[in-house]
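Here's run.cif, which has mmCIF, N, CA and C atoms:
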data_protein
loop_
_atom_site.label_atom_id
_atom_site.label_comp_id
_atom_site.auth_asym_id
_atom_site.auth_seq_id
_atom_site.Cartn_x
_atom_site.Cartn_y
_atom_site.Cartn_z
N MET B 1 105.42 98.24 95.42
CA MET B 1 105.48 99.48 96.16
C MET B 1 106.92 99.67 96.63
N THR B 2 107.45 100.83 96.39
CA THR B 2 108.82 101.12 96.80
C THR B 2 108.89 101.34 98.30
N ALA B 3 110.10 101.27 98.82
CA ALA B 3 110.29 101.46 100.26
C ALA B 3 109.90 102.87 100.70
N ALA B 4 110.23 103.86 99.87
CA ALA B 4 109.88 105.24 100.22
C ALA B 4 108.37 105.42 100.26
N ALA B 5 107.66 104.81 99.33
CA ALA B 5 106.19 104.91 99.33
C ALA B 5 105.61 104.18 100.53
N LYS B 6 106.18 103.04 100.88
CA LYS B 6 105.71 102.29 102.04
C LYS B 6 105.90 103.12 103.32
N VAL B 7 107.04 103.77 103.44
CA VAL B 7 107.31 104.62 104.60
C VAL B 7 106.31 105.77 104.65
N ARG B 8 106.05 106.38 103.52
CA ARG B 8 105.10 107.50 103.45
C ARG B 8 103.70 107.06 103.88
N VAL B 9 103.24 105.93 103.36
CA VAL B 9 101.90 105.43 103.70
C VAL B 9 101.81 105.09 105.18
N LEU B 10 102.79 104.34 105.69
CA LEU B 10 102.77 103.97 107.11
C LEU B 10 102.80 105.19 108.02
N THR B 11 103.62 106.16 107.65
CA THR B 11 103.74 107.37 108.47
C THR B 11 102.44 108.15 108.49
N TRP B 12 101.84 108.37 107.34
CA TRP B 12 100.63 109.18 107.30
C TRP B 12 99.43 108.47 107.93
N ILE B 13 99.36 107.15 107.79
CA ILE B 13 98.30 106.42 108.49
C ILE B 13 98.52 106.50 109.99
N GLY B 14 99.79 106.40 110.42
CA GLY B 14 100.11 106.55 111.84
C GLY B 14 99.74 107.93 112.37
N VAL B 15 100.04 108.96 111.60
CA VAL B 15 99.68 110.32 112.02
C VAL B 15 98.15 110.46 112.11
N ALA B 16 97.45 109.89 111.14
CA ALA B 16 95.98 109.99 111.14
C ALA B 16 95.38 109.28 112.35
N THR B 17 95.86 108.07 112.66
CA THR B 17 95.33 107.37 113.83
C THR B 17 95.69 108.10 115.12
N GLY B 18 96.86 108.70 115.16
CA GLY B 18 97.25 109.48 116.34
C GLY B 18 96.37 110.71 116.53
N VAL B 19 96.08 111.40 115.45
CA VAL B 19 95.23 112.59 115.54
C VAL B 19 93.81 112.20 115.95
N ILE B 20 93.30 111.10 115.40
CA ILE B 20 91.96 110.64 115.80
C ILE B 20 91.96 110.28 117.29
N GLY B 21 93.01 109.60 117.73
CA GLY B 21 93.12 109.25 119.14
C GLY B 21 93.17 110.46 120.05
N ILE B 22 93.97 111.47 119.66
CA ILE B 22 94.06 112.70 120.45
C ILE B 22 92.71 113.42 120.49
N LEU B 23 92.01 113.45 119.37
CA LEU B 23 90.68 114.08 119.35
C LEU B 23 89.71 113.35 120.26
N LEU B 24 89.79 112.02 120.28
CA LEU B 24 88.91 111.27 121.17
C LEU B 24 89.30 111.45 122.64
N VAL B 25 90.57 111.67 122.91
CA VAL B 25 90.99 111.97 124.28
C VAL B 25 90.49 113.35 124.69
N ALA B 26 90.57 114.31 123.76
CA ALA B 26 90.14 115.67 124.05
C ALA B 26 88.62 115.78 124.18
N PHE B 27 87.90 114.99 123.40
CA PHE B 27 86.43 115.01 123.42
C PHE B 27 85.92 113.61 123.72
N PRO B 28 85.98 113.18 124.98
CA PRO B 28 85.62 111.79 125.31
C PRO B 28 84.14 111.47 125.11
N LYS B 29 83.29 112.46 125.09
CA LYS B 29 81.85 112.22 124.90
C LYS B 29 81.52 111.87 123.45
N ALA B 30 82.46 112.04 122.54
CA ALA B 30 82.21 111.73 121.14
C ALA B 30 82.04 110.24 120.91
N LEU B 31 82.62 109.43 121.76
CA LEU B 31 82.53 107.98 121.64
C LEU B 31 82.21 107.39 123.02
N PRO B 32 80.92 107.43 123.42
CA PRO B 32 80.59 107.05 124.79
C PRO B 32 80.78 105.57 125.11
N ALA B 33 80.48 104.67 124.18
CA ALA B 33 80.58 103.24 124.45
C ALA B 33 81.97 102.72 124.09
N GLY B 34 82.71 102.28 125.09
CA GLY B 34 84.04 101.71 124.84
C GLY B 34 85.09 102.72 124.48
N GLY B 35 84.89 103.97 124.84
CA GLY B 35 85.80 105.04 124.46
C GLY B 35 87.25 104.81 124.81
N PRO B 36 87.60 104.51 126.07
CA PRO B 36 89.01 104.34 126.42
C PRO B 36 89.66 103.16 125.71
N TRP B 37 88.87 102.11 125.44
CA TRP B 37 89.45 100.93 124.80
C TRP B 37 89.74 101.22 123.33
N VAL B 38 88.88 101.97 122.68
CA VAL B 38 89.12 102.38 121.29
C VAL B 38 90.33 103.32 121.24
N GLN B 39 90.40 104.22 122.21
CA GLN B 39 91.55 105.14 122.27
C GLN B 39 92.85 104.37 122.47
N LEU B 40 92.84 103.39 123.36
CA LEU B 40 94.04 102.58 123.57
C LEU B 40 94.43 101.84 122.30
N ALA B 41 93.45 101.28 121.60
CA ALA B 41 93.74 100.58 120.35
C ALA B 41 94.32 101.53 119.31
N LEU B 42 93.76 102.73 119.22
CA LEU B 42 94.31 103.72 118.28
C LEU B 42 95.73 104.12 118.66
N GLY B 43 95.99 104.29 119.95
CA GLY B 43 97.33 104.65 120.39
C GLY B 43 98.35 103.57 120.08
N VAL B 44 97.99 102.32 120.34
CA VAL B 44 98.90 101.21 120.05
C VAL B 44 99.12 101.09 118.54
N ALA B 45 98.05 101.23 117.76
CA ALA B 45 98.19 101.17 116.30
C ALA B 45 99.10 102.28 115.80
N THR B 46 98.99 103.46 116.37
CA THR B 46 99.84 104.58 115.98
C THR B 46 101.30 104.28 116.26
N ILE B 47 101.57 103.74 117.44
CA ILE B 47 102.95 103.42 117.81
C ILE B 47 103.52 102.35 116.87
N VAL B 48 102.74 101.31 116.61
CA VAL B 48 103.21 100.23 115.75
C VAL B 48 103.48 100.74 114.34
N LEU B 49 102.55 101.52 113.79
CA LEU B 49 102.73 102.05 112.44
C LEU B 49 103.94 102.99 112.35
N ALA B 50 104.09 103.84 113.35
CA ALA B 50 105.20 104.80 113.33
C ALA B 50 106.55 104.09 113.41
N PHE B 51 106.67 103.11 114.29
CA PHE B 51 107.94 102.42 114.40
C PHE B 51 108.20 101.48 113.23
N ARG B 52 107.15 100.96 112.62
CA ARG B 52 107.33 100.16 111.39
C ARG B 52 107.84 101.06 110.27
N ALA B 53 107.29 102.27 110.17
CA ALA B 53 107.75 103.22 109.16
C ALA B 53 109.22 103.58 109.40
N ARG B 54 109.59 103.78 110.66
CA ARG B 54 110.99 104.10 110.98
C ARG B 54 111.91 102.94 110.64
N THR B 55 111.48 101.72 110.92
CA THR B 55 112.29 100.54 110.64
C THR B 55 112.54 100.40 109.14
N VAL B 56 111.48 100.50 108.36
CA VAL B 56 111.63 100.39 106.90
C VAL B 56 112.45 101.56 106.37
N GLY B 57 112.21 102.75 106.89
CA GLY B 57 112.93 103.93 106.41
C GLY B 57 114.42 103.87 106.69
N ILE B 58 114.79 103.45 107.89
CA ILE B 58 116.20 103.38 108.25
C ILE B 58 116.91 102.30 107.44
N ALA B 59 116.22 101.18 107.23
CA ALA B 59 116.86 100.05 106.55
C ALA B 59 116.92 100.21 105.03
N GLU B 60 115.92 100.84 104.43
CA GLU B 60 115.80 100.77 102.98
C GLU B 60 115.79 102.10 102.24
N VAL B 61 115.65 103.21 102.92
CA VAL B 61 115.54 104.50 102.23
C VAL B 61 116.81 105.31 102.47
N GLU B 62 117.46 105.67 101.40
CA GLU B 62 118.68 106.47 101.48
C GLU B 62 118.33 107.89 101.93
N GLY B 63 119.03 108.39 102.94
CA GLY B 63 118.80 109.74 103.44
C GLY B 63 117.46 109.88 104.16
N PHE B 64 117.04 108.84 104.86
CA PHE B 64 115.74 108.85 105.54
C PHE B 64 115.72 109.89 106.65
N ASP B 65 114.67 110.71 106.67
CA ASP B 65 114.46 111.70 107.71
C ASP B 65 113.20 111.28 108.47
N GLY B 66 113.37 110.78 109.67
CA GLY B 66 112.26 110.17 110.39
C GLY B 66 111.55 111.07 111.37
N ARG B 67 111.59 112.39 111.15
CA ARG B 67 110.97 113.28 112.13
C ARG B 67 109.46 113.14 112.18
N LEU B 68 108.83 112.95 111.02
CA LEU B 68 107.37 112.83 111.00
C LEU B 68 106.92 111.52 111.65
N SER B 69 107.62 110.45 111.39
CA SER B 69 107.25 109.18 112.03
C SER B 69 107.54 109.23 113.53
N LEU B 70 108.56 109.96 113.94
CA LEU B 70 108.82 110.14 115.36
C LEU B 70 107.70 110.95 116.01
N ALA B 71 107.21 111.97 115.33
CA ALA B 71 106.08 112.75 115.84
C ALA B 71 104.84 111.87 115.97
N ALA B 72 104.63 110.98 115.00
CA ALA B 72 103.48 110.06 115.07
C ALA B 72 103.62 109.13 116.27
N ALA B 73 104.83 108.65 116.53
CA ALA B 73 105.05 107.77 117.69
C ALA B 73 104.78 108.52 118.99
N LEU B 74 105.20 109.77 119.06
CA LEU B 74 104.93 110.57 120.26
C LEU B 74 103.43 110.80 120.45
N LEU B 75 102.71 111.00 119.35
CA LEU B 75 101.24 111.10 119.44
C LEU B 75 100.66 109.81 120.00
N GLY B 76 101.16 108.69 119.52
CA GLY B 76 100.68 107.40 120.00
C GLY B 76 100.93 107.21 121.48
N PHE B 77 102.13 107.59 121.95
CA PHE B 77 102.44 107.47 123.38
C PHE B 77 101.53 108.37 124.21
N ALA B 78 101.22 109.56 123.71
CA ALA B 78 100.32 110.47 124.43
C ALA B 78 98.92 109.87 124.53
N VAL B 79 98.44 109.31 123.44
CA VAL B 79 97.10 108.70 123.44
C VAL B 79 97.06 107.53 124.43
N VAL B 80 98.08 106.67 124.39
CA VAL B 80 98.11 105.52 125.30
C VAL B 80 98.19 105.99 126.75
N PHE B 81 98.95 107.04 127.01
CA PHE B 81 99.08 107.55 128.38
C PHE B 81 97.74 108.04 128.92
N PHE B 82 97.08 108.92 128.18
CA PHE B 82 95.84 109.50 128.68
C PHE B 82 94.68 108.51 128.66
N ALA B 83 94.58 107.70 127.62
CA ALA B 83 93.51 106.69 127.58
C ALA B 83 93.76 105.59 128.60
N GLY B 84 95.01 105.29 128.86
CA GLY B 84 95.34 104.28 129.86
C GLY B 84 94.93 104.69 131.25
N GLN B 85 95.04 105.97 131.55
CA GLN B 85 94.59 106.46 132.85
C GLN B 85 93.09 106.24 133.03
N VAL B 86 92.33 106.55 132.01
CA VAL B 86 90.87 106.39 132.09
C VAL B 86 90.51 104.91 132.16
N ALA B 87 91.18 104.09 131.34
CA ALA B 87 90.89 102.66 131.33
C ALA B 87 91.24 102.04 132.69
N PHE B 88 92.33 102.45 133.28
CA PHE B 88 92.71 101.95 134.60
C PHE B 88 91.68 102.35 135.65
N GLY B 89 91.20 103.59 135.56
CA GLY B 89 90.16 104.04 136.48
C GLY B 89 88.89 103.22 136.35
N LEU B 90 88.51 102.87 135.11
CA LEU B 90 87.33 102.03 134.91
C LEU B 90 87.53 100.64 135.49
N LEU B 91 88.72 100.08 135.28
CA LEU B 91 89.00 98.75 135.82
C LEU B 91 89.03 98.78 137.35
N ALA B 92 89.61 99.81 137.92
CA ALA B 92 89.67 99.92 139.37
C ALA B 92 88.27 100.10 139.96
N ALA B 93 87.42 100.86 139.30
CA ALA B 93 86.05 101.06 139.78
C ALA B 93 85.23 99.78 139.66
N ALA B 94 85.52 98.97 138.64
CA ALA B 94 84.77 97.73 138.45
C ALA B 94 85.13 96.69 139.51
N THR B 95 86.34 96.74 140.02
CA THR B 95 86.76 95.74 141.01
C THR B 95 86.43 96.17 142.43
N ALA B 96 86.09 97.43 142.62
CA ALA B 96 85.81 97.92 144.00
C ALA B 96 84.39 97.64 144.41
#
Whole structure given in structure tokens:
Amino acid sequence: MTAAAKVRVLTWIGVATGVIGILLVAFPKALPAGGPWVQLALGVATIVLAFRARTVGIAEVEGFDGRLSLAAALLGFAVVFFAGQVAFGLLAAATA
């Protein structure tokens, strides 16, 4: 697999996990059991995939344009932010 193909695959998988995470944040009733934890996992996976794509792209692809992988990373940060708030609320309620 070439570096450009690897970047493309990592970026699009990152975008897909980010979109799924955002949809689960927008519609939390879609996944009632363990929802915030799945959302957090999707957000972290999105961030990891996006930055891995950027790393490979910058190092190995001539003329790399990383705007799409940057957008995927921003999606991941948004998912982690919103799901983290809910997860923190659950943890705080469990300890009270």
Would you write out, as JSON lines, a table of all residues in segment 71-94 of chain B that have an atom no more than 7 Å from an atom of segment 5-19 of chain B, listing for each the closest atom pair and the distance in Å to one decimal, considering all atoms listed in the file and ordering rows by chain and rising residue number?
{"residue": "B:Ala71", "atom": "C", "partner": "B:Val15", "partner_atom": "CA", "distance": 6.7}
{"residue": "B:Ala72", "atom": "CA", "partner": "B:Val15", "partner_atom": "CA", "distance": 4.9}
{"residue": "B:Ala73", "atom": "N", "partner": "B:Gly14", "partner_atom": "C", "distance": 6.6}
{"residue": "B:Leu75", "atom": "C", "partner": "B:Gly18", "partner_atom": "CA", "distance": 5.0}
{"residue": "B:Gly76", "atom": "N", "partner": "B:Gly18", "partner_atom": "CA", "distance": 5.1}
Checklist entry - If you measure from atom N of Gly34 of chain B to atom CA of Val86 of chain B, what distance in Å do you get, rounded to one decimal? => result 11.5 Å
Checklist entry - Quick one: of B:Leu68, B:Lys29, B:Ala50, B:Pro36, who's nearest to Ala87 of chain B, counting all atoms listed in the file? => result B:Pro36
Next on the checklist: From the options B:Leu42, B:Ala4, B:Leu91, B:Leu31, which residue's atoms come nearest to Glu62 of chain B, counting all atoms listed in the file?
Outcome noted: B:Ala4
Checklist entry - Could you state the separation of atom C of Phe64 of chain B and atom N of Ala78 of chain B in Å, given to one decimal place? => result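 Between atom C of Phe64 of chain B and atom N of Ala78 of chain B the gap works out to 22.4 Å.
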Item to check | Atom-to-atom span, atom C of Leu24 of chain B and atom N of Gln39 of chain B, Å | outcome: 7.3 Å
Item to check | Best match for closeness to Phe51 of chain B among B:Ala3, B:Ala33, B:Leu70, B:Ala26, counting all atoms listed in the file | outcome: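 Counting all atoms listed in the file, the residue closest to Phe51 of chain B is B:Leu70.
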Next on the checklist: Is it possible to get the residues within 6 Å of (88.5, 108.5, 122.9) (coordinates as in the file, counting all atoms listed in the file) written as a list of chain:residue names?
Outcome noted: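 All residues meeting the 6 Å criterion around (88.5, 108.5, 122.9) are B:Gly21, B:Leu23, B:Leu24, B:Val25, B:Phe27, B:Pro28, B:Gly35, B:Pro36, B:Val38, B:Gln39.
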Checklist entry - Of the residues B:Val61, B:Met1, B:Ala96, B:Ile47, which is the one nearest to Leu74 of chain B, using all atoms listed in the file? => result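 Closest candidate: B:Ile47.
The smallest atom-to-atom distance between Thr46 of chain B and any of B:Ser69, B:Thr2, B:Thr95, B:Gln85, using only C-alpha atoms, is found for B:Ser69.
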Put a box with edges along x, y and z around all the listed atoms of segment 11-29 of chain B, pad it by 6 Å on each side, then give me its centre and sizes in Å, one decimal, as AutoDock Vina command-line options.
--center_x 92.6 --center_y 111.0 --center_z 116.3 --size_x 34.2 --size_y 21.6 --size_z 30.0
Item to check | Every residue of segment 6-96 of chain B that DSSP places in alpha helix (DSSP H), as a ChimeraX atom specification | outcome: /B:6-26,35-60,67-95
Item to check | Counting all atoms listed in the file, the residue of B:Ile22, B:Val48, B:Ile58, B:Ala93 that sits nearest Val79 of chain B | outcome: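 Going through B:Ile22, B:Val48, B:Ile58, B:Ala93 one by one, the smallest distance to Val79 of chain B is for B:Ile22.
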